[in-house]
Amino acid sequence: MNTICINCPMGCPLDITEEDGKVVVRGYTCKRGLEYGVSEYTAPVRTVTTLVRTSEGGVLPVKTSSPVPKGRMFDVLDRIRALVVPASADIGYVAEHDILGLGADIVVTGRGVPHDAK
Amino acid sequence: MKRFDVLVIGGGPAGMAAAIAASDRGASVLLVERDVRLGGILNQCIHAGFGLHYFGEELTGPEYADRFEKKLAEKNVTVMLGAMALSVGEDGETVVLSPDEGLVHLKAGAVVLAMGCRERTAGAIALAGTRPAGIYTAGMAQKMCNIEGYLVGRRIVILGSGDIGLIMARRMTLEGAHVERVIELMPYSGGLKRNIVQCLDDFGIPINYSHTVTRVVGKPRMAGLYYAPVDENRKPVLSEEKFVECDCLLLSVGLIPENDILTGSGVKLDRVTSGALVDENRMTTVPGVFSCGNVLHVHDLVDNVSHESEIAGAAAADYALGRMSGTEGKICSVGVGRGVRYALPQRVHGGEGSVEIFFRTDNVYKNCKVVAECGGRVLWSKKRMIVAPGEMEKITLDKKDIDGDVTVRLEI
């Protein structure tokens, strides 16, 4: 696979292959690039941030408490769309534990706009 | 109204950090914020990536704001919400319109400007074509999506590849819209590499560098747009124009420091940054008036905003309480040479201690050398593998070396 290293503005183009059962990264110019290339090839992960519905019809921002496999992002999003949290949920409120068995919780990250101010 | 030592205008990351720092130096602080809550634009930036430098962990925007809001609540800071600063006068007198207090004239010992930026709009870039529904600035679409819960389009084109544009490409995709492409006038992105990979490449969203939108079509709703490559003078090559069907165009075409209230203040602005000209304490050309955050110059990282605003807030407190120090030395200007677009602060005092100079380059340069010199002497130099306009650079100088005007430049 081909990707770009994200560690610095240099953006080294990486060419990653598997040869004799070993991951081989080409194109990196520092140690961070090598590590990034290996992890992107073997197990790329992303923190997912999105919105969750509230009991009053609004939305609150949420995140996965730890990164989830990149290939499961849209499964995680589908599951989060089915959730509803209290409108009064505060930062840190756990909307779902261990989503899809991936080891990450869905955590509220922001508050709603104060009601009387709307 | 009660008299305060320091008045802070704006309750985003800059204003909150300045207010906390001023309070920590013993000043009584009034913070005015026009929104109904603190946090500013951080409230709508629900993606992760904030605070890696400041807190050593990756937070979302609202979480980053919350950390500062909680700290602020413990300090000697009075917060006025829903209050709009209308003007800053020559003597720093500030007129504020508040739902609770009415029209109030405030005179504090020092003023900190922390009003942030607003976005350049379709009008500002003279976008050609019809004026259909479906054209939004990226930040407006971000607010409508992340705060209000509305998706502003289904088939989306984004003009400009600054970080906000890239972040919105991912946000719209995650919420079910289809992002057709990102179009960038320059031959490179103004955003972070990380965002190119994780917001575009992850979702297979194409980007056209050295292209621009030539006109939009549709009425009353947008039906599509034409785009074309640009020549070396950034003029569109209309013979190569292409059409893309879409119902929404998001603009990520630059930020403008919101300094309008300074018109009558005597605060001199920098022609390049559109922010105030400041010294190392972030004091403007009007004594007692300070500036920090995106209203001073556009930052890539909120962590840098917090640091800069702490400098301004602490200095504002010292000024108000009559114990400003470190400004006895000779004042020297900081200018730029080849390859550097601007450097800030624009003037520094000689004397004790060190001073950090922040700068941006005017292009992407590989294998260059950053040089700071003063009267022909090199004060600082370092080889860099790469520098880019999208990533703010920093150098640290010893103040006792500074006895004349300083120039920051690149050897390419």
# chains A, B, ... in the order shown; residues from 1 in each chain; ligands from 1
$ interface_residues --of "chain B" --to "chain A" --cutoff "9 Å" --atoms "only C-alpha atoms" --output "number ranges by chain"
B: 36-37, 43-44, 46-48, 59-63, 66, 82, 145-149, 171, 174-175, 192-198, 201-202, 366, 385-388, 390-391
$ select_by_dssp --residues "chain A" --states "helix (DSSP H, G or I)" --output "number ranges by chain"
A: 31-42, 70-81, 99-101, 115-117
$ select_by_dssp --residues "chain A" --states "strand (DSSP E)" --output "PyMOL selection string"
chain A and resi 2-4+13-19+22-26+45-46+49-54+59-64+68-69+84-85+94-96+106-108
$ write_last_selection --atoms "N, CA and C atoms" --output "mmCIF file, in the first residue's frame"
data_model
loop_
_atom_site.group_PDB
_atom_site.id
_atom_site.type_symbol
_atom_site.label_atom_id
_atom_site.label_comp_id
_atom_site.auth_asym_id
_atom_site.auth_seq_id
_atom_site.Cartn_x
_atom_site.Cartn_y
_atom_site.Cartn_z
ATOM 1 N N ASN A 2 0.265 2.357 -0.462
ATOM 2 C CA ASN A 2 0.967 3.643 -0.461
ATOM 3 C C ASN A 2 0.214 4.618 0.434
ATOM 4 N N THR A 3 0.974 5.372 1.216
ATOM 5 C CA THR A 3 0.350 6.421 2.029
ATOM 6 C C THR A 3 1.378 7.525 2.266
ATOM 7 N N ILE A 4 0.957 8.545 2.999
ATOM 8 C CA ILE A 4 1.861 9.647 3.322
ATOM 9 C C ILE A 4 2.049 9.671 4.823
ATOM 10 N N PRO A 13 6.377 10.104 1.198
ATOM 11 C CA PRO A 13 5.520 9.087 0.585
ATOM 12 C C PRO A 13 6.027 7.700 0.980
ATOM 13 N N LEU A 14 5.146 6.905 1.573
ATOM 14 C CA LEU A 14 5.549 5.582 2.045
ATOM 15 C C LEU A 14 4.993 4.498 1.136
ATOM 16 N N ASP A 15 5.849 3.510 0.849
ATOM 17 C CA ASP A 15 5.438 2.346 0.078
ATOM 18 C C ASP A 15 5.620 1.153 1.010
ATOM 19 N N ILE A 16 4.508 0.516 1.367
ATOM 20 C CA ILE A 16 4.577 -0.534 2.380
ATOM 21 C C ILE A 16 4.158 -1.874 1.766
ATOM 22 N N THR A 17 4.998 -2.874 1.933
ATOM 23 C CA THR A 17 4.712 -4.204 1.393
ATOM 24 C C THR A 17 5.035 -5.263 2.440
ATOM 25 N N GLU A 18 4.620 -6.494 2.152
ATOM 26 C CA GLU A 18 4.958 -7.598 3.031
ATOM 27 C C GLU A 18 5.861 -8.542 2.254
ATOM 28 N N GLU A 19 7.061 -8.768 2.782
ATOM 29 C CA GLU A 19 8.006 -9.652 2.090
ATOM 30 C C GLU A 19 8.500 -10.708 3.068
ATOM 31 N N LYS A 22 7.402 -10.347 6.569
ATOM 32 C CA LYS A 22 7.837 -9.148 7.296
ATOM 33 C C LYS A 22 7.313 -7.896 6.600
ATOM 34 N N VAL A 23 6.891 -6.907 7.412
ATOM 35 C CA VAL A 23 6.409 -5.653 6.841
ATOM 36 C C VAL A 23 7.610 -4.794 6.459
ATOM 37 N N VAL A 24 7.651 -4.394 5.199
ATOM 38 C CA VAL A 24 8.776 -3.582 4.714
ATOM 39 C C VAL A 24 8.258 -2.204 4.312
ATOM 40 N N VAL A 25 8.842 -1.190 4.914
ATOM 41 C CA VAL A 25 8.441 0.187 4.617
ATOM 42 C C VAL A 25 9.550 0.847 3.803
ATOM 43 N N ARG A 26 9.175 1.465 2.697
ATOM 44 C CA ARG A 26 10.150 2.219 1.897
ATOM 45 C C ARG A 26 9.710 3.671 1.802
ATOM 46 N N VAL A 45 -5.669 2.577 13.088
ATOM 47 C CA VAL A 45 -6.775 2.918 13.994
ATOM 48 C C VAL A 45 -7.066 4.414 13.918
ATOM 49 N N ARG A 46 -8.303 4.801 14.244
ATOM 50 C CA ARG A 46 -8.711 6.208 14.247
ATOM 51 C C ARG A 46 -9.638 6.467 15.426
ATOM 52 N N THR A 49 -15.077 10.843 15.963
ATOM 53 C CA THR A 49 -15.891 11.855 16.640
ATOM 54 C C THR A 49 -17.124 12.102 15.790
ATOM 55 N N THR A 50 -18.280 12.173 16.443
ATOM 56 C CA THR A 50 -19.529 12.409 15.731
ATOM 57 C C THR A 50 -20.544 13.001 16.719
ATOM 58 N N LEU A 51 -21.816 12.914 16.366
ATOM 59 C CA LEU A 51 -22.868 13.472 17.211
ATOM 60 C C LEU A 51 -23.782 12.358 17.683
ATOM 61 N N VAL A 52 -24.422 12.572 18.810
ATOM 62 C CA VAL A 52 -25.412 11.624 19.301
ATOM 63 C C VAL A 52 -26.694 12.409 19.586
ATOM 64 N N ARG A 53 -27.835 11.774 19.324
ATOM 65 C CA ARG A 53 -29.123 12.430 19.574
ATOM 66 C C ARG A 53 -29.360 12.609 21.060
ATOM 67 N N THR A 54 -30.072 13.681 21.432
ATOM 68 C CA THR A 54 -30.468 13.839 22.831
ATOM 69 C C THR A 54 -31.968 13.596 22.970
ATOM 70 N N VAL A 59 -28.525 17.594 19.532
ATOM 71 C CA VAL A 59 -27.355 16.736 19.366
ATOM 72 C C VAL A 59 -26.273 17.119 20.370
ATOM 73 N N LEU A 60 -25.464 16.156 20.750
ATOM 74 C CA LEU A 60 -24.280 16.411 21.568
ATOM 75 C C LEU A 60 -23.093 15.721 20.914
ATOM 76 N N PRO A 61 -21.906 16.326 21.011
ATOM 77 C CA PRO A 61 -20.718 15.692 20.424
ATOM 78 C C PRO A 61 -20.239 14.508 21.273
ATOM 79 N N VAL A 62 -19.763 13.467 20.585
ATOM 80 C CA VAL A 62 -19.193 12.297 21.270
ATOM 81 C C VAL A 62 -17.896 11.874 20.579
ATOM 82 N N LYS A 63 -17.120 11.059 21.289
ATOM 83 C CA LYS A 63 -15.907 10.471 20.693
ATOM 84 C C LYS A 63 -15.761 9.041 21.186
ATOM 85 N N THR A 64 -14.951 8.271 20.470
ATOM 86 C CA THR A 64 -14.562 6.971 21.001
ATOM 87 C C THR A 64 -13.436 7.227 22.009
ATOM 88 N N VAL A 68 -10.385 3.221 17.249
ATOM 89 C CA VAL A 68 -10.964 1.944 16.809
ATOM 90 C C VAL A 68 -10.373 1.597 15.436
ATOM 91 N N PRO A 69 -10.437 0.317 15.035
ATOM 92 C CA PRO A 69 -9.894 -0.042 13.718
ATOM 93 C C PRO A 69 -10.514 0.820 12.625
ATOM 94 N N VAL A 84 -29.467 7.372 22.182
ATOM 95 C CA VAL A 84 -30.063 8.629 22.646
ATOM 96 C C VAL A 84 -29.515 8.899 24.042
ATOM 97 N N VAL A 85 -29.050 10.130 24.276
ATOM 98 C CA VAL A 85 -28.546 10.475 25.615
ATOM 99 C C VAL A 85 -29.433 11.566 26.213
ATOM 100 N N VAL A 94 -20.949 8.493 29.631
ATOM 101 C CA VAL A 94 -20.711 7.365 28.720
ATOM 102 C C VAL A 94 -22.033 6.944 28.079
ATOM 103 N N ALA A 95 -22.143 7.155 26.772
ATOM 104 C CA ALA A 95 -23.374 6.833 26.050
ATOM 105 C C ALA A 95 -23.460 5.337 25.753
ATOM 106 N N GLU A 96 -22.302 4.686 25.621
ATOM 107 C CA GLU A 96 -22.272 3.233 25.393
ATOM 108 C C GLU A 96 -20.900 2.704 25.800
ATOM 109 N N ILE A 106 -18.255 5.169 24.139
ATOM 110 C CA ILE A 106 -18.706 6.375 23.454
ATOM 111 C C ILE A 106 -18.965 7.429 24.531
ATOM 112 N N VAL A 107 -18.155 8.491 24.501
ATOM 113 C CA VAL A 107 -18.142 9.460 25.587
ATOM 114 C C VAL A 107 -18.595 10.833 25.083
ATOM 115 N N VAL A 108 -19.506 11.472 25.821
ATOM 116 C CA VAL A 108 -19.952 12.823 25.479
ATOM 117 C C VAL A 108 -18.796 13.797 25.711
#
$ closest_residue --among "B:Leu225, B:Ile167, B:Val230, B:Ala177" --to "B:His211" --atoms "only C-alpha atoms"
B:Val230
$ residues_around --residues "stretch 93-99 of chain B" --least-positions-apart "5" --cutoff "8 Å" --atoms "only C-alpha atoms" --output "list in words"
Met80, Leu81, Gly82, Ala83, Met84, Ala85, Leu86, Ser87, Val88, Val104, His105, Leu106, Lys107 and Ala108 of chain B
$ write_last_selection --atoms "C-alpha atoms" --output "JSON list (two decimals), in the first residue's frame"
[["chain", "number", "residue", "atom", "x", "y", "z"],
["B", 80, "MET", "CA", -20.41, 38.91, 31.12],
["B", 81, "LEU", "CA", -22.12, 36.67, 28.56],
["B", 82, "GLY", "CA", -24.26, 37.86, 25.65],
["B", 83, "ALA", "CA", -22.27, 41.09, 25.85],
["B", 84, "MET", "CA", -20.89, 42.65, 22.67],
["B", 85, "ALA", "CA", -17.96, 45.06, 22.69],
["B", 86, "LEU", "CA", -18.82, 47.79, 20.17],
["B", 87, "SER", "CA", -15.73, 49.97, 20.19],
["B", 88, "VAL", "CA", -12.40, 50.57, 21.85],
["B", 104, "VAL", "CA", -21.87, 50.50, 29.38],
["B", 105, "HIS", "CA", -18.65, 52.46, 29.07],
["B", 106, "LEU", "CA", -15.81, 50.49, 30.65],
["B", 107, "LYS", "CA", -12.42, 51.87, 31.57],
["B", 108, "ALA", "CA", -10.04, 49.25, 32.89]]
$ atom_distance --atom1 "atom CA of B:Asp24" --atom2 "atom CA of B:Glu310"
10.0 Å
$ decode --residues "stretch 18-40 of chain A" --atoms "N, CA and C atoms" --output "PDB file, in the first residue's frame"
ATOM      1  N   GLU A  18       4.620  -6.494   2.152  1.00  0.00           N
ATOM      2  CA  GLU A  18       4.958  -7.598   3.031  1.00  0.00           C
ATOM      3  C   GLU A  18       5.861  -8.542   2.254  1.00  0.00           C
ATOM      4  N   GLU A  19       7.061  -8.768   2.782  1.00  0.00           N
ATOM      5  CA  GLU A  19       8.006  -9.652   2.090  1.00  0.00           C
ATOM      6  C   GLU A  19       8.500 -10.708   3.068  1.00  0.00           C
ATOM      7  N   ASP A  20       8.299 -11.977   2.727  1.00  0.00           N
ATOM      8  CA  ASP A  20       8.684 -13.106   3.585  1.00  0.00           C
ATOM      9  C   ASP A  20       8.098 -12.947   4.994  1.00  0.00           C
ATOM     10  N   GLY A  21       6.822 -12.536   5.051  1.00  0.00           N
ATOM     11  CA  GLY A  21       6.155 -12.422   6.352  1.00  0.00           C
ATOM     12  C   GLY A  21       6.570 -11.212   7.164  1.00  0.00           C
ATOM     13  N   LYS A  22       7.402 -10.347   6.569  1.00  0.00           N
ATOM     14  CA  LYS A  22       7.837  -9.148   7.296  1.00  0.00           C
ATOM     15  C   LYS A  22       7.313  -7.896   6.600  1.00  0.00           C
ATOM     16  N   VAL A  23       6.891  -6.907   7.412  1.00  0.00           N
ATOM     17  CA  VAL A  23       6.409  -5.653   6.841  1.00  0.00           C
ATOM     18  C   VAL A  23       7.610  -4.794   6.459  1.00  0.00           C
ATOM     19  N   VAL A  24       7.651  -4.394   5.199  1.00  0.00           N
ATOM     20  CA  VAL A  24       8.776  -3.582   4.714  1.00  0.00           C
ATOM     21  C   VAL A  24       8.258  -2.204   4.312  1.00  0.00           C
ATOM     22  N   VAL A  25       8.842  -1.190   4.914  1.00  0.00           N
ATOM     23  CA  VAL A  25       8.441   0.187   4.617  1.00  0.00           C
ATOM     24  C   VAL A  25       9.550   0.847   3.803  1.00  0.00           C
ATOM     25  N   ARG A  26       9.175   1.465   2.697  1.00  0.00           N
ATOM     26  CA  ARG A  26      10.150   2.219   1.897  1.00  0.00           C
ATOM     27  C   ARG A  26       9.710   3.671   1.802  1.00  0.00           C
ATOM     28  N   GLY A  27      10.684   4.572   1.759  1.00  0.00           N
ATOM     29  CA  GLY A  27      10.378   5.976   1.526  1.00  0.00           C
ATOM     30  C   GLY A  27      10.407   6.850   2.766  1.00  0.00           C
ATOM     31  N   TYR A  28      10.566   6.228   3.932  1.00  0.00           N
ATOM     32  CA  TYR A  28      10.604   7.047   5.156  1.00  0.00           C
ATOM     33  C   TYR A  28      11.982   7.652   5.329  1.00  0.00           C
ATOM     34  N   THR A  29      12.062   8.771   6.075  1.00  0.00           N
ATOM     35  CA  THR A  29      13.377   9.379   6.290  1.00  0.00           C
ATOM     36  C   THR A  29      13.719   9.490   7.777  1.00  0.00           C
ATOM     37  N   CYS A  30      12.819   9.047   8.651  1.00  0.00           N
ATOM     38  CA  CYS A  30      13.175   9.013  10.073  1.00  0.00           C
ATOM     39  C   CYS A  30      12.435   7.863  10.756  1.00  0.00           C
ATOM     40  N   LYS A  31      12.785   7.620  11.999  1.00  0.00           N
ATOM     41  CA  LYS A  31      12.255   6.487  12.753  1.00  0.00           C
ATOM     42  C   LYS A  31      10.730   6.569  12.879  1.00  0.00           C
ATOM     43  N   ARG A  32      10.220   7.786  13.073  1.00  0.00           N
ATOM     44  CA  ARG A  32       8.776   7.947  13.251  1.00  0.00           C
ATOM     45  C   ARG A  32       8.018   7.485  12.002  1.00  0.00           C
ATOM     46  N   GLY A  33       8.632   7.731  10.837  1.00  0.00           N
ATOM     47  CA  GLY A  33       8.009   7.331   9.584  1.00  0.00           C
ATOM     48  C   GLY A  33       7.927   5.820   9.448  1.00  0.00           C
ATOM     49  N   LEU A  34       8.992   5.146   9.896  1.00  0.00           N
ATOM     50  CA  LEU A  34       9.021   3.683   9.850  1.00  0.00           C
ATOM     51  C   LEU A  34       7.924   3.112  10.751  1.00  0.00           C
ATOM     52  N   GLU A  35       7.849   3.630  11.989  1.00  0.00           N
ATOM     53  CA  GLU A  35       6.843   3.144  12.940  1.00  0.00           C
ATOM     54  C   GLU A  35       5.431   3.396  12.419  1.00  0.00           C
ATOM     55  N   TYR A  36       5.235   4.585  11.865  1.00  0.00           N
ATOM     56  CA  TYR A  36       3.918   4.934  11.336  1.00  0.00           C
ATOM     57  C   TYR A  36       3.535   3.995  10.192  1.00  0.00           C
ATOM     58  N   GLY A  37       4.486   3.745   9.301  1.00  0.00           N
ATOM     59  CA  GLY A  37       4.237   2.874   8.157  1.00  0.00           C
ATOM     60  C   GLY A  37       3.826   1.475   8.596  1.00  0.00           C
ATOM     61  N   VAL A  38       4.521   0.936   9.597  1.00  0.00           N
ATOM     62  CA  VAL A  38       4.209  -0.408  10.084  1.00  0.00           C
ATOM     63  C   VAL A  38       2.809  -0.439  10.698  1.00  0.00           C
ATOM     64  N   SER A  39       2.488   0.560  11.526  1.00  0.00           N
ATOM     65  CA  SER A  39       1.177   0.536  12.185  1.00  0.00           C
ATOM     66  C   SER A  39       0.042   0.787  11.193  1.00  0.00           C
ATOM     67  N   GLU A  40       0.274   1.629  10.188  1.00  0.00           N
ATOM     68  CA  GLU A  40      -0.770   1.872   9.190  1.00  0.00           C
ATOM     69  C   GLU A  40      -1.020   0.618   8.359  1.00  0.00           C
TER      70      GLU A  40
END
